[in-house]
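Heads up: the structure comes next, in structure tokens.
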Amino acid sequence: MSNVDADSPFLGVLMLDTAFPRIPGDAGNAASYPFPVRISIVDGAGALDIVKPGGPNDDLLEGFIKAARQLEEEGAIGLISTCGFLVHFQSRLAQAVNVPIIMSGLSLFPLLRSALGNRPIGVLTASTASLTSGALDAAQIDPDQVHIAGFEGCPAFADTILTSEATPSQAFDAKAIEAYAVQNARKLIEQCPNIGCILLECGNLPPYAPAIRDATGLPVFSIMDAAHMFWSASEGQLLRAQ
């Protein structure tokens with residue numbers, strides 16, 4: 001999947017092997033980006049292969065390395081992924097390629113903490129258990145610095161995204177997911193009024209960022225900000241190359 005002409009620079013996106021719709025705003029939808037992207041699906045890396053306590057098995061790493069190197073060879077100026085739990089592979093993938101790579105919105109955490117005067121950060125995640133059982137450690141995040149809300153209790157999300165089924169068991173309901181995202185964000189603020197921002201672990205959640213911002217008055221960050229950062233950083237180089 002791509003919105004880029006052959007031989008043009010682009011941002012590379014490593015995507016899980018899933019069947020649910022990738023709506024506008026989702027990290028796995030090429031139309032979500034105002035610049036050229038090329039999306040590479042990593043075969044056999046389903047949602048439940050990655051989103052699980054302890055993180056993905058190492059036998060999946062080679063598929064991501066192969067896809068990342070292929071995108072780099074084709075001209076990617078940087079790489080991101082569609083799943084925040086791929087933070088478990090961050091360091092090894094970064095060592096495998098020669099372009100910048102951020103596999104998870106969680107990797108933005110240190111920058112956001114510094115920018116917000118070390119105030120706590122609210123994290124919305126696909127799976128609380130998976131986040132607290134390895135992913136926070138992989139992202140080098142102190143659990144005491146975050147307040148977390150997951151989407152396991154949202155049927156519209158869990159039954160279509162957190163599933164191993166080739167065909168999700170119910171129709172995708174973006175409005176229901178958005179309502180749940182807003183509810184979760186408000187709960188985080190109730191728990192900790194001093195939260196400085198909301199960070200979206202999951203690449204499926206950026207479509208709901210505007211509603212979260214409107215409901216909370218807080219800035220909302222995600223893997224999409226890493227994508228924009230990479231492209232912005234590369235623009236001068238790309239212009240000089242033309």
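Chain labels A, B, ... are given in the sequence in which chains occur in the structure tokens; within each chain residues are numbered consecutively from 1, and ligands are likewise numbered from 1 in the order shown.
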> Quick one: residues within 8 Å of range 124-132 of chain A, only C-alpha atoms counted, chain neighbours fewer than 4 positions away excluded, as a ChimeraX atom specification?
Replying inline: /A:51-55,85,136,143,148-152,162,181,184-185,198-202
As a compact mmCIF listing (two decimals) with N, CA and C atoms, in the first residue's frame, please: every residue in range 133-220 of chain A that DSSP puts in strand (DSSP E or B).
# COMPACT_ATOMS: atom_id res chain seq x y z
N VAL A 146 3.10 7.45 34.92
CA VAL A 146 2.00 7.33 33.96
C VAL A 146 0.70 6.94 34.66
N HIS A 147 -0.39 7.32 34.01
CA HIS A 147 -1.72 6.83 34.36
C HIS A 147 -2.28 6.20 33.10
N ILE A 148 -2.82 4.99 33.22
CA ILE A 148 -3.10 4.15 32.06
C ILE A 148 -4.57 3.78 31.99
N ALA A 149 -5.10 3.80 30.78
CA ALA A 149 -6.45 3.28 30.52
C ALA A 149 -6.41 2.47 29.24
N GLY A 150 -7.01 1.27 29.28
CA GLY A 150 -6.98 0.37 28.14
C GLY A 150 -8.31 0.24 27.44
N ILE A 198 -2.04 13.54 26.84
CA ILE A 198 -2.47 12.17 26.58
C ILE A 198 -1.57 11.60 25.49
N LEU A 199 -1.00 10.43 25.73
CA LEU A 199 -0.16 9.75 24.76
C LEU A 199 -0.87 8.47 24.31
N LEU A 200 -1.02 8.30 23.01
CA LEU A 200 -1.70 7.14 22.44
C LEU A 200 -0.67 6.08 22.10
N VAL A 220 -2.65 15.89 22.62
CA VAL A 220 -2.67 14.45 22.41
C VAL A 220 -1.57 14.09 21.43
>> Need to verify the contact set: Gly25 in chain A, 6 Å, only C-alpha atoms, exclusion of same-chain residues closer than 4 positions in sequence. Can you return it as number ranges by chain?
In response: A: 32, 206-207
Go ahead and save the residues from that selection, with N, CA and C atoms, as a PDB file, in the first residue's frame.
ATOM      1  N   SER A  32      -3.781   8.910   5.729  1.00  0.00           N
ATOM      2  CA  SER A  32      -3.640   9.625   6.999  1.00  0.00           C
ATOM      3  C   SER A  32      -2.462  10.600   6.990  1.00  0.00           C
ATOM      4  N   PRO A 206      -5.148   7.278  16.755  1.00  0.00           N
ATOM      5  CA  PRO A 206      -5.059   8.657  16.289  1.00  0.00           C
ATOM      6  C   PRO A 206      -6.321   9.229  15.636  1.00  0.00           C
ATOM      7  N   PRO A 207      -7.198   8.426  14.992  1.00  0.00           N
ATOM      8  CA  PRO A 207      -8.422   9.037  14.450  1.00  0.00           C
ATOM      9  C   PRO A 207      -9.286   9.723  15.513  1.00  0.00           C
TER      10      PRO A 207
END
> Quick one: residues within 6 Å of range 89-105 of chain A, only C-alpha atoms counted, chain neighbours fewer than 2 positions away excluded, as a list of chain:residue names?
Replying inline: A:Gly78, A:Leu79, A:Ile80, A:Ser81, A:Gly84, A:Leu86, A:Val87, A:Ser107, A:Leu108, A:Glu201, A:Ser222, A:Ile223
> Of the candidates A:Leu60, A:Ala139, A:Ala31, A:Ile212, which shows the shortest atom-to-atom distance to Leu16 in chain A, using only C-alpha atoms?
Replying inline: A:Leu60
> Of the candidates A:Gln70, A:Gln170, A:Thr160, A:Asn118, which shows the shortest atom-to-atom distance to Ile39 in chain A, using only C-alpha atoms?
Replying inline: A:Gln70
